[in-house]
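File shown here: final_32.cif, holding mmCIF, C-alpha atoms.
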```cif
data_data
loop_
_atom_site.label_atom_id
_atom_site.label_comp_id
_atom_site.auth_asym_id
_atom_site.auth_seq_id
_atom_site.Cartn_x
_atom_site.Cartn_y
_atom_site.Cartn_z
CA TYR A 1 40.94 1.12 -22.31
CA LEU A 2 38.57 2.90 -19.92
CA LYS A 3 41.10 2.92 -17.09
CA LYS A 4 43.99 3.94 -19.34
CA ASN A 5 42.08 6.89 -20.78
CA ASN A 6 40.16 7.78 -17.61
CA ALA A 7 37.01 7.42 -19.71
CA VAL A 8 33.34 7.03 -18.88
CA CYS A 9 31.64 3.92 -20.25
CA ILE A 10 28.33 4.72 -21.98
CA ASN A 11 26.13 1.65 -22.27
CA PHE A 12 22.61 1.48 -23.71
CA ALA A 13 22.13 -2.11 -22.57
CA PRO A 14 22.34 -3.70 -19.10
CA GLU A 15 25.89 -4.99 -19.71
CA ALA A 16 27.78 -3.27 -16.92
CA VAL A 17 31.51 -3.06 -16.32
CA ASN A 18 33.11 -3.18 -12.88
CA ARG A 19 33.75 0.54 -12.83
CA LYS A 20 32.17 3.57 -11.21
CA GLU A 21 32.77 5.76 -14.25
CA GLN A 22 29.87 4.50 -16.34
CA ILE A 23 26.37 5.41 -17.47
CA ILE A 24 24.29 2.27 -17.94
CA THR A 25 20.77 1.66 -19.21
CA ILE A 26 18.43 -0.77 -17.44
CA HIS A 27 15.17 -1.10 -19.32
CA ASP A 28 13.46 -3.36 -16.81
CA LEU A 29 13.99 -5.93 -14.06
CA ARG A 30 11.96 -8.71 -15.66
CA PRO A 31 14.63 -11.43 -15.30
CA VAL A 32 14.82 -10.94 -11.54
CA LEU A 33 11.28 -9.84 -10.65
CA PHE A 34 8.96 -11.69 -13.05
CA LYS A 35 8.65 -15.40 -12.42
CA GLY A 36 9.14 -17.61 -15.46
CA GLY A 37 10.46 -16.66 -18.84
CA ASP A 38 14.21 -16.67 -18.18
CA SER A 39 16.74 -19.41 -17.55
CA PHE A 40 18.84 -19.61 -14.41
CA LYS A 41 21.89 -18.57 -16.46
CA THR A 42 20.14 -15.47 -17.77
CA LYS A 43 18.96 -14.47 -14.30
CA LEU A 44 22.41 -14.97 -12.81
CA LYS A 45 24.05 -12.88 -15.54
CA TYR A 46 21.46 -10.15 -15.02
CA LYS A 47 22.05 -10.10 -11.26
CA ILE A 48 25.82 -9.77 -11.80
CA ASN A 49 25.27 -6.85 -14.16
CA LEU A 50 22.93 -5.21 -11.65
CA HIS A 51 25.61 -5.57 -8.98
CA PHE A 52 28.06 -3.63 -11.16
CA ALA A 53 25.36 -1.17 -12.22
CA LYS A 54 24.85 -0.19 -8.59
CA LYS A 55 28.36 1.32 -8.63
CA SER A 56 27.72 3.44 -11.73
CA GLN A 57 27.48 7.21 -11.89
CA LYS A 58 24.05 7.18 -13.51
CA ILE A 59 21.44 4.62 -14.47
CA ILE A 60 19.13 5.43 -17.37
CA THR A 61 15.74 3.75 -17.41
CA VAL A 62 12.63 4.16 -19.51
CA SER A 63 9.74 4.89 -17.12
CA ASN A 64 9.14 6.30 -13.66
CA TYR A 65 7.53 3.00 -12.71
CA GLN A 66 10.73 1.20 -13.57
CA LYS A 67 12.80 3.84 -11.83
CA GLU A 68 11.11 3.10 -8.51
CA LEU A 69 11.58 -0.64 -8.95
CA ILE A 70 15.29 -0.23 -9.71
CA LYS A 71 15.80 2.25 -6.89
CA ASN A 72 14.27 -0.12 -4.35
CA TYR A 73 15.88 -3.27 -5.75
CA LEU A 74 19.40 -1.79 -5.83
CA ASN A 75 18.86 0.41 -2.78
CA VAL A 76 20.30 3.47 -4.52
CA CYS A 77 19.43 7.13 -4.16
CA ASP A 78 16.95 8.86 -6.43
CA ASP A 79 19.62 11.09 -7.98
CA LYS A 80 21.45 8.10 -9.46
CA LEU A 81 18.55 7.32 -11.80
CA ARG A 82 17.36 9.21 -14.86
CA VAL A 83 14.16 8.47 -16.78
CA ILE A 84 14.34 8.92 -20.55
CA TYR A 85 11.38 7.73 -22.61
CA ALA A 86 11.82 5.80 -25.84
CA GLY A 87 10.60 7.19 -29.17
CA TRP A 88 8.67 6.12 -32.25
CA GLU A 89 10.14 8.05 -35.20
CA HIS A 90 12.02 5.00 -36.48
CA VAL A 91 8.65 3.81 -37.81
CA ASN A 92 8.72 6.66 -40.36
CA SER A 93 11.79 5.20 -42.03
CA MET A 94 10.19 1.78 -42.50
CA GLY A 95 8.52 0.72 -45.70
CA VAL A 96 5.18 -1.10 -45.76
CA ASP A 97 5.03 -4.68 -47.05
CA ASN A 98 1.35 -5.26 -47.76
CA THR A 99 1.97 -8.77 -49.10
CA VAL A 100 1.73 -10.01 -45.52
CA LEU A 101 -1.97 -9.09 -45.57
CA GLU A 102 -2.51 -11.56 -48.39
CA LYS A 103 -0.88 -14.24 -46.25
CA ILE A 104 -3.32 -13.78 -43.38
CA GLY A 105 -6.26 -13.84 -45.77
CA ASN A 106 -8.42 -11.32 -43.94
CA LYS A 107 -7.98 -7.60 -43.29
CA ASP A 108 -10.54 -7.47 -40.46
CA TYR A 109 -8.41 -8.51 -37.49
CA PHE A 110 -6.94 -7.58 -34.14
CA TYR A 111 -3.15 -7.62 -34.04
CA ALA A 112 -0.56 -8.33 -31.35
CA LEU A 113 3.22 -8.33 -31.46
CA GLY A 114 5.53 -9.80 -28.85
CA SER A 115 7.71 -12.74 -27.95
CA ILE A 116 5.82 -15.78 -26.68
CA ALA A 117 6.79 -15.36 -23.04
CA PRO A 118 4.86 -15.40 -19.72
CA ASN A 119 4.98 -11.65 -19.10
CA LYS A 120 3.44 -10.92 -22.53
CA ASN A 121 0.25 -12.67 -21.40
CA HIS A 122 -0.87 -14.09 -24.74
CA ARG A 123 -3.36 -16.19 -22.82
CA TRP A 124 -5.58 -13.09 -22.55
CA ILE A 125 -5.77 -12.88 -26.35
CA LEU A 126 -6.62 -16.58 -26.66
CA GLU A 127 -9.37 -16.38 -24.07
CA VAL A 128 -10.83 -13.18 -25.54
CA ALA A 129 -10.69 -14.74 -29.01
CA LYS A 130 -12.83 -17.66 -27.75
CA ARG A 131 -15.40 -15.14 -26.58
CA ASN A 132 -15.25 -13.16 -29.83
CA PRO A 133 -15.45 -15.80 -32.58
CA ASN A 134 -16.60 -13.20 -35.13
CA TYR A 135 -13.14 -11.60 -35.18
CA ASN A 136 -9.72 -12.81 -36.24
CA PHE A 137 -6.62 -12.39 -34.09
CA ILE A 138 -3.12 -12.24 -35.57
CA ILE A 139 -0.12 -12.65 -33.27
CA ALA A 140 3.42 -12.05 -34.52
CA GLY A 141 6.61 -12.84 -32.63
CA LYS A 142 8.97 -15.68 -31.91
CA LYS A 143 8.92 -17.95 -28.88
CA TYR A 144 11.25 -16.57 -26.25
CA ALA A 145 14.58 -18.41 -26.44
CA THR A 146 14.46 -19.80 -22.89
CA ASN A 147 10.77 -20.76 -23.06
CA ASN A 148 10.65 -23.64 -25.50
CA ASN A 149 8.36 -25.53 -23.13
CA TYR A 150 6.10 -22.57 -22.30
CA PHE A 151 2.46 -23.50 -22.94
CA ILE A 152 0.07 -20.60 -23.42
CA GLY A 153 -3.11 -22.61 -23.81
CA ASP A 154 -5.32 -24.13 -26.50
CA ILE A 155 -5.37 -22.01 -29.64
CA PRO A 156 -8.84 -21.12 -31.02
CA THR A 157 -9.47 -21.38 -34.77
CA ASN A 158 -9.74 -17.58 -35.11
CA VAL A 159 -6.19 -17.04 -33.78
CA ARG A 160 -3.11 -17.26 -35.99
CA PHE A 161 0.48 -17.21 -34.76
CA ILE A 162 2.54 -16.08 -37.74
CA GLY A 163 5.98 -16.04 -36.07
CA TYR A 164 8.69 -13.56 -36.96
CA VAL A 165 7.74 -10.63 -39.20
CA THR A 166 9.97 -7.99 -40.78
CA ASP A 167 9.68 -4.34 -39.80
CA GLU A 168 7.89 -3.68 -43.09
CA GLU A 169 5.41 -6.50 -42.52
CA ASN A 170 4.84 -5.39 -38.94
CA LYS A 171 4.08 -1.84 -40.07
CA ALA A 172 1.51 -3.15 -42.54
CA LEU A 173 -0.12 -5.37 -39.93
CA MET A 174 -0.26 -2.49 -37.48
CA SER A 175 -1.61 -0.02 -40.04
CA TYR A 176 -4.62 -2.12 -41.09
CA CYS A 177 -5.68 -3.82 -37.85
CA ARG A 178 -8.94 -3.04 -36.08
CA ALA A 179 -6.87 -2.41 -32.94
CA PHE A 180 -3.48 -3.32 -31.53
CA LEU A 181 -3.57 -5.62 -28.47
CA PHE A 182 -0.97 -5.51 -25.70
CA PRO A 183 -2.19 -7.33 -22.56
CA SER A 184 1.29 -7.56 -21.00
CA LYS A 185 1.68 -8.06 -17.25
CA TYR A 186 5.17 -6.63 -17.03
CA GLU A 187 6.93 -4.00 -19.15
CA GLY A 188 9.74 -1.53 -18.75
CA PHE A 189 8.25 0.81 -21.33
CA GLY A 190 6.09 -1.06 -23.85
CA LEU A 191 7.26 0.15 -27.26
CA PRO A 192 4.92 -1.73 -29.68
CA PRO A 193 1.77 0.22 -28.64
CA LEU A 194 3.67 3.47 -29.30
CA GLU A 195 4.55 2.21 -32.78
CA ALA A 196 0.89 1.30 -33.32
CA LEU A 197 -0.24 4.79 -32.27
CA SER A 198 2.18 6.25 -34.80
CA CYS A 199 0.46 4.11 -37.44
CA GLY A 200 -2.88 5.70 -36.54
CA VAL A 201 -4.66 2.73 -34.96
CA PRO A 202 -6.29 2.41 -31.52
CA ILE A 203 -4.51 0.41 -28.84
CA ILE A 204 -6.03 -1.90 -26.21
CA ILE A 205 -3.45 -2.41 -23.50
CA SER A 206 -3.00 -3.70 -19.99
CA ASN A 207 -3.50 -1.40 -17.00
CA ALA A 208 -0.42 -2.97 -15.40
CA THR A 209 3.06 -1.67 -14.56
CA CYS A 210 4.27 1.33 -16.56
CA LEU A 211 1.68 1.35 -19.35
CA PRO A 212 -0.81 3.88 -17.86
CA GLU A 213 2.14 6.21 -17.17
CA ILE A 214 3.28 6.09 -20.78
CA TYR A 215 -0.04 6.11 -22.62
CA GLU A 216 -2.21 8.16 -20.25
CA ASP A 217 -5.72 8.70 -21.68
CA SER A 218 -4.83 7.82 -25.27
CA ALA A 219 -5.32 4.07 -24.80
CA HIS A 220 -8.11 1.63 -24.02
CA TYR A 221 -7.16 -0.23 -20.83
CA ILE A 222 -8.03 -3.78 -19.79
CA ASP A 223 -7.40 -5.88 -16.71
CA PRO A 224 -4.87 -8.49 -17.93
CA ASP A 225 -6.65 -11.16 -15.86
CA ASP A 226 -10.17 -10.32 -17.04
CA PHE A 227 -11.21 -12.24 -20.17
CA GLU A 228 -14.87 -11.20 -20.16
CA VAL A 229 -14.51 -8.16 -22.37
CA ASP A 230 -16.57 -6.74 -25.22
CA LEU A 231 -14.07 -5.48 -27.77
CA ASP A 232 -16.63 -3.44 -29.69
CA LYS A 233 -17.76 -1.73 -26.48
CA ILE A 234 -14.16 -0.99 -25.53
CA LEU A 235 -13.40 0.59 -28.90
CA ASN A 236 -16.53 2.76 -28.74
CA VAL A 237 -15.16 4.63 -25.73
CA PRO A 238 -13.72 7.96 -26.91
CA LEU A 239 -10.05 8.68 -26.20
CA ALA A 240 -7.75 11.67 -26.16
CA SER A 241 -5.68 12.31 -29.26
CA PRO A 242 -2.42 10.31 -29.38
CA ASP A 243 -0.55 13.45 -30.47
CA LYS A 244 0.54 14.36 -26.95
CA ILE A 245 1.92 10.85 -26.40
CA LEU A 246 3.82 10.93 -29.70
CA LYS A 247 5.19 14.32 -28.72
CA LYS A 248 6.16 13.20 -25.21
CA CYS A 249 7.87 10.02 -26.39
CA SER A 250 10.32 11.19 -29.03
CA TRP A 251 13.80 10.07 -30.08
CA ASP A 252 14.76 13.73 -30.59
CA ILE A 253 13.94 14.49 -26.98
CA ALA A 254 15.65 11.28 -25.80
CA ALA A 255 18.80 12.07 -27.79
CA GLU A 256 19.04 15.56 -26.33
CA GLN A 257 18.50 14.28 -22.78
CA ILE A 258 21.16 11.59 -23.23
CA PHE A 259 23.57 14.11 -24.76
CA GLN A 260 23.15 16.53 -21.84
CA LEU A 261 23.57 13.67 -19.35
CA ILE A 262 26.81 12.57 -21.00
CA LYS A 263 28.10 16.15 -21.05
CA THR A 264 27.42 16.49 -17.33
CA GLU A 265 28.64 13.08 -16.18
CA ALA A 266 31.62 12.70 -18.52
CA LYS A 267 32.50 16.39 -18.18
CA VAL A 268 32.95 16.87 -21.94
#
```

Encoding of this model in structure tokens:
Amino acid sequence: YLKKNNAVCINFAPEAVNRKEQIITIHDLRPVLFKGGDSFKTKLKYKINLHFAKKSQKIITVSNYQKELIKNYLNVCDDKLRVIYAGWEHVNSMGVDNTVLEKIGNKDYFYALGSIAPNKNHRWILEVAKRNPNYNFIIAGKKYATNNNYFIGDIPTNVRFIGYVTDEENKALMSYCRAFLFPSKYEGFGLPPLEALSCGVPIIISNATCLPEIYEDSAHYIDPDDFEVDLDKILNVPLASPDKILKKCSWDIAAEQIFQLIKTEAKV
């Protein structure tokens, strides 16, 4: 179809076609750069898609940190890549299912959301929970499909893994937590902390990869390998208002940037 109509393929996932006339999105290079977490089949498929992506007109990615990684990995020029941040406004359309709070049995808790995978670094939460027995820690998210044998460590009694949650349950858990935890070691953008900021709660996040670029001085930062932290002390440090982050990372801005890119590249 693309060849017949001399069309440009617009793809918001890293599923490339063998064609120059395409705009593809690569959110991150985790399958090829981060050890563990992905099967050989997944990595091979990702490498094939990256091979085709190298031929594309433009590559959209979600942070300047990721842009540099992609540029160096694919050995492409700077002009081929375009950074467009993700947004948070989808949270406004979600309802709030407070019944999930009854399930956890305690509203005084720290909350984390993410698949149980090596890059998400749940071990940090477990180790910090051991050192902070006076607080509860709620972790939502499914085990990553290719990591059924991934062992994150012994689980303290004040940590609860509650598995998959709906958008409405997640919004409730984010809205009432003491703080949102995101100790990830590798991210392309890191959307959950942005969603948490939009819910009006503080975020404690890793100082790794793209996260300082995205969240600037509106987040509490931790070393993802340092477990000796005082959560109360961290939260007592004043931060800048999250308003500038919520303004910078907007779906309206992203949509306009994508639209202008398509107009230029597809010549429509």

Give me the region 83-186 of chain A side of the contact with region 198-208 of chain A, cut-off 6 Å, one line per residue showing its nearest atom pair and distance in Å at one decimal, counting only C-alpha atoms, sorted by chain and residue number, as a Markdown table.
```
| residue | atom | partner | partner_atom | distance |
| --- | --- | --- | --- | --- |
| A:Ser175 | CA | A:Cys199 | CA | 5.3 |
| A:Ala179 | CA | A:Pro202 | CA | 5.1 |
| A:Phe180 | CA | A:Ile203 | CA | 4.7 |
| A:Leu181 | CA | A:Ile204 | CA | 5.0 |
| A:Phe182 | CA | A:Ile205 | CA | 4.5 |
| A:Pro183 | CA | A:Ser206 | CA | 4.5 |
| A:Ser184 | CA | A:Ser206 | CA | 5.9 |
| A:Lys185 | CA | A:Ala208 | CA | 5.8 |
```

Saved selection, atoms kept: C-alpha atoms, as a compact mmCIF listing (two decimals), keeping the file's coordinate frame:
```txt
# COMPACT_ATOMS: atom_id res chain seq x y z
CA SER A 175 -1.61 -0.02 -40.04
CA ALA A 179 -6.87 -2.41 -32.94
CA PHE A 180 -3.48 -3.32 -31.53
CA LEU A 181 -3.57 -5.62 -28.47
CA PHE A 182 -0.97 -5.51 -25.70
CA PRO A 183 -2.19 -7.33 -22.56
CA SER A 184 1.29 -7.56 -21.00
CA LYS A 185 1.68 -8.06 -17.25
```

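Taking CA of Phe34 (chain A) and CA of Gln66 (chain A) as endpoints, the distance between them is 13.0 Å.
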
Near Ser250 (chain A), within 10 Å and counting all atoms listed in the file, which residues show up once chain neighbours fewer than 6 positions away are dropped, as a tab-separated table (two decimals) with C-alpha atoms, in the coordinates of the input?
```tsv
chain	number	residue	atom	x	y	z
A	84	ILE	CA	14.34	8.92	-20.55
A	85	TYR	CA	11.38	7.73	-22.61
A	86	ALA	CA	11.82	5.80	-25.84
A	87	GLY	CA	10.60	7.19	-29.17
A	88	TRP	CA	8.67	6.12	-32.25
A	89	GLU	CA	10.14	8.05	-35.20
A	90	HIS	CA	12.02	5.00	-36.48
```

Step by step, gather every atom of region 76-90 of chain A that the file lists, find the box along x, y and z that holds them, add 6 Å on each side, and finally give centre and edge lengths in Å to one decimal, as JSON.
```
{"center_x": 15.1, "center_y": 7.3, "center_z": -20.3, "size_x": 24.8, "size_y": 19.6, "size_z": 44.3}
```

### Computed interatomic separation between CA of Glu15 (chain A) and CA of Tyr215 (chain A) (Å)
28.4 Å

### Query
Leaving out Asn158 (chain A) and any residue of its chain fewer than 4 positions from it, which residues lie within 9 Å of it when counting all atoms listed in the file, given as a ChimeraX atom specification?
/A:129-130,132-138

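Residues matched by the PyMOL selection byres ((chain A and resi 160) around 12) in this structure: Lys103, Ile104, Gly105, Asn106, Tyr109, Phe110, Tyr111, Ala112, Leu113, His122, Ile125, Leu126, Ala129, Tyr135, Asn136, Phe137, Ile138, Ile139, Ala140, Gly141, Asp154, Ile155, Pro156, Thr157, Asn158, Val159, Phe161, Ile162 and Gly163 of chain A.
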
### Task
Could you tell me which residues the PyMOL selection byres ((chain A and resi 188) around 8) returns for this structure, as an MDAnalysis selection string?
chainID A and resid 27:29 62:63 65:66 186:187 189:190 209:210

Can you pull region 150-244 of chain A out of that block with C-alpha atoms and hand it back as a PDB file, in the first residue's frame?
```pdb
ATOM      1  CA  TYR A 150      13.248 -12.972  37.830  1.00  0.00           C
ATOM      2  CA  PHE A 151      13.854 -12.859  41.588  1.00  0.00           C
ATOM      3  CA  ILE A 152      13.792  -9.418  43.175  1.00  0.00           C
ATOM      4  CA  GLY A 153      14.620 -10.459  46.719  1.00  0.00           C
ATOM      5  CA  ASP A 154      12.917 -11.362  49.985  1.00  0.00           C
ATOM      6  CA  ILE A 155       9.723  -9.393  50.502  1.00  0.00           C
ATOM      7  CA  PRO A 156       9.367  -7.601  53.880  1.00  0.00           C
ATOM      8  CA  THR A 157       6.043  -7.762  55.727  1.00  0.00           C
ATOM      9  CA  ASN A 158       5.374  -4.052  55.102  1.00  0.00           C
ATOM     10  CA  VAL A 159       5.497  -4.497  51.304  1.00  0.00           C
ATOM     11  CA  ARG A 160       2.497  -5.626  49.268  1.00  0.00           C
ATOM     12  CA  PHE A 161       2.561  -6.547  45.590  1.00  0.00           C
ATOM     13  CA  ILE A 162      -1.011  -6.116  44.382  1.00  0.00           C
ATOM     14  CA  GLY A 163      -0.479  -6.999  40.703  1.00  0.00           C
ATOM     15  CA  TYR A 164      -2.422  -5.401  37.878  1.00  0.00           C
ATOM     16  CA  VAL A 165      -4.588  -2.377  38.711  1.00  0.00           C
ATOM     17  CA  THR A 166      -7.052  -0.506  36.516  1.00  0.00           C
ATOM     18  CA  ASP A 167      -6.453   3.098  35.516  1.00  0.00           C
ATOM     19  CA  GLU A 168      -9.094   4.151  38.041  1.00  0.00           C
ATOM     20  CA  GLU A 169      -7.485   2.158  40.838  1.00  0.00           C
ATOM     21  CA  ASN A 170      -4.052   3.470  39.921  1.00  0.00           C
ATOM     22  CA  LYS A 171      -5.283   7.058  40.066  1.00  0.00           C
ATOM     23  CA  ALA A 172      -6.700   6.463  43.534  1.00  0.00           C
ATOM     24  CA  LEU A 173      -3.476   4.851  44.753  1.00  0.00           C
ATOM     25  CA  MET A 174      -1.443   7.718  43.340  1.00  0.00           C
ATOM     26  CA  SER A 175      -3.733  10.399  44.764  1.00  0.00           C
ATOM     27  CA  TYR A 176      -3.584   9.199  48.384  1.00  0.00           C
ATOM     28  CA  CYS A 177      -0.001   7.952  48.744  1.00  0.00           C
ATOM     29  CA  ARG A 178       2.578   9.650  50.938  1.00  0.00           C
ATOM     30  CA  ALA A 179       4.842   9.754  47.876  1.00  0.00           C
ATOM     31  CA  PHE A 180       5.251   7.965  44.570  1.00  0.00           C
ATOM     32  CA  LEU A 181       8.436   5.863  44.256  1.00  0.00           C
ATOM     33  CA  PHE A 182      10.258   5.303  40.967  1.00  0.00           C
ATOM     34  CA  PRO A 183      13.805   3.973  41.533  1.00  0.00           C
ATOM     35  CA  SER A 184      14.253   2.820  37.923  1.00  0.00           C
ATOM     36  CA  LYS A 185      17.736   2.316  36.485  1.00  0.00           C
ATOM     37  CA  TYR A 186      16.722   2.717  32.867  1.00  0.00           C
ATOM     38  CA  GLU A 187      13.881   4.699  31.269  1.00  0.00           C
ATOM     39  CA  GLY A 188      13.137   6.291  27.940  1.00  0.00           C
ATOM     40  CA  PHE A 189      10.877   8.893  29.531  1.00  0.00           C
ATOM     41  CA  GLY A 190       9.367   7.639  32.790  1.00  0.00           C
ATOM     42  CA  LEU A 191       5.643   8.392  32.518  1.00  0.00           C
ATOM     43  CA  PRO A 192       4.282   7.186  35.917  1.00  0.00           C
ATOM     44  CA  PRO A 193       5.996   9.965  37.939  1.00  0.00           C
ATOM     45  CA  LEU A 194       4.429  12.528  35.591  1.00  0.00           C
ATOM     46  CA  GLU A 195       1.014  10.993  36.232  1.00  0.00           C
ATOM     47  CA  ALA A 196       1.717  11.132  39.972  1.00  0.00           C
ATOM     48  CA  LEU A 197       2.659  14.820  39.770  1.00  0.00           C
ATOM     49  CA  SER A 198      -0.632  15.481  38.000  1.00  0.00           C
ATOM     50  CA  CYS A 199      -2.370  13.847  40.980  1.00  0.00           C
ATOM     51  CA  GLY A 200      -0.679  16.333  43.313  1.00  0.00           C
ATOM     52  CA  VAL A 201       1.688  14.016  45.196  1.00  0.00           C
ATOM     53  CA  PRO A 202       5.471  14.250  45.655  1.00  0.00           C
ATOM     54  CA  ILE A 203       7.696  11.899  43.682  1.00  0.00           C
ATOM     55  CA  ILE A 204      10.904  10.169  44.813  1.00  0.00           C
ATOM     56  CA  ILE A 205      12.740   9.022  41.717  1.00  0.00           C
ATOM     57  CA  SER A 206      16.072   7.744  40.505  1.00  0.00           C
ATOM     58  CA  ASN A 207      18.791  10.169  39.401  1.00  0.00           C
ATOM     59  CA  ALA A 208      19.552   7.836  36.486  1.00  0.00           C
ATOM     60  CA  THR A 209      19.139   8.124  32.709  1.00  0.00           C
ATOM     61  CA  CYS A 210      16.548  10.622  31.480  1.00  0.00           C
ATOM     62  CA  LEU A 211      14.691  11.297  34.736  1.00  0.00           C
ATOM     63  CA  PRO A 212      16.570  14.456  35.869  1.00  0.00           C
ATOM     64  CA  GLU A 213      16.062  15.888  32.365  1.00  0.00           C
ATOM     65  CA  ILE A 214      12.312  15.361  32.515  1.00  0.00           C
ATOM     66  CA  TYR A 215      11.581  16.265  36.134  1.00  0.00           C
ATOM     67  CA  GLU A 216      14.251  18.904  36.814  1.00  0.00           C
ATOM     68  CA  ASP A 217      13.905  20.370  40.331  1.00  0.00           C
ATOM     69  CA  SER A 218      10.332  19.182  40.909  1.00  0.00           C
ATOM     70  CA  ALA A 219      11.346  15.739  42.167  1.00  0.00           C
ATOM     71  CA  HIS A 220      13.205  14.191  45.085  1.00  0.00           C
ATOM     72  CA  TYR A 221      16.150  12.225  43.667  1.00  0.00           C
ATOM     73  CA  ILE A 222      17.792   9.090  45.045  1.00  0.00           C
ATOM     74  CA  ASP A 223      20.760   6.965  44.020  1.00  0.00           C
ATOM     75  CA  PRO A 224      19.125   3.721  42.785  1.00  0.00           C
ATOM     76  CA  ASP A 225      21.923   1.711  44.421  1.00  0.00           C
ATOM     77  CA  ASP A 226      21.787   3.473  47.797  1.00  0.00           C
ATOM     78  CA  PHE A 227      19.359   1.847  50.242  1.00  0.00           C
ATOM     79  CA  GLU A 228      20.358   3.872  53.311  1.00  0.00           C
ATOM     80  CA  VAL A 229      17.812   6.639  52.902  1.00  0.00           C
ATOM     81  CA  ASP A 230      15.586   8.502  55.337  1.00  0.00           C
ATOM     82  CA  LEU A 231      12.269   8.948  53.557  1.00  0.00           C
ATOM     83  CA  ASP A 232      11.005  11.586  55.981  1.00  0.00           C
ATOM     84  CA  LYS A 233      14.186  13.612  55.535  1.00  0.00           C
ATOM     85  CA  ILE A 234      13.910  13.343  51.755  1.00  0.00           C
ATOM     86  CA  LEU A 235      10.316  14.563  51.746  1.00  0.00           C
ATOM     87  CA  ASN A 236      11.167  17.523  53.987  1.00  0.00           C
ATOM     88  CA  VAL A 237      13.397  19.009  51.286  1.00  0.00           C
ATOM     89  CA  PRO A 238      11.467  21.777  49.491  1.00  0.00           C
ATOM     90  CA  LEU A 239      10.939  21.456  45.743  1.00  0.00           C
ATOM     91  CA  ALA A 240       9.944  23.674  42.858  1.00  0.00           C
ATOM     92  CA  SER A 241       6.308  23.636  41.808  1.00  0.00           C
ATOM     93  CA  PRO A 242       5.439  20.805  39.398  1.00  0.00           C
ATOM     94  CA  ASP A 243       3.479  23.261  37.242  1.00  0.00           C
ATOM     95  CA  LYS A 244       6.376  23.914  34.876  1.00  0.00           C
TER      96      LYS A 244
END
```
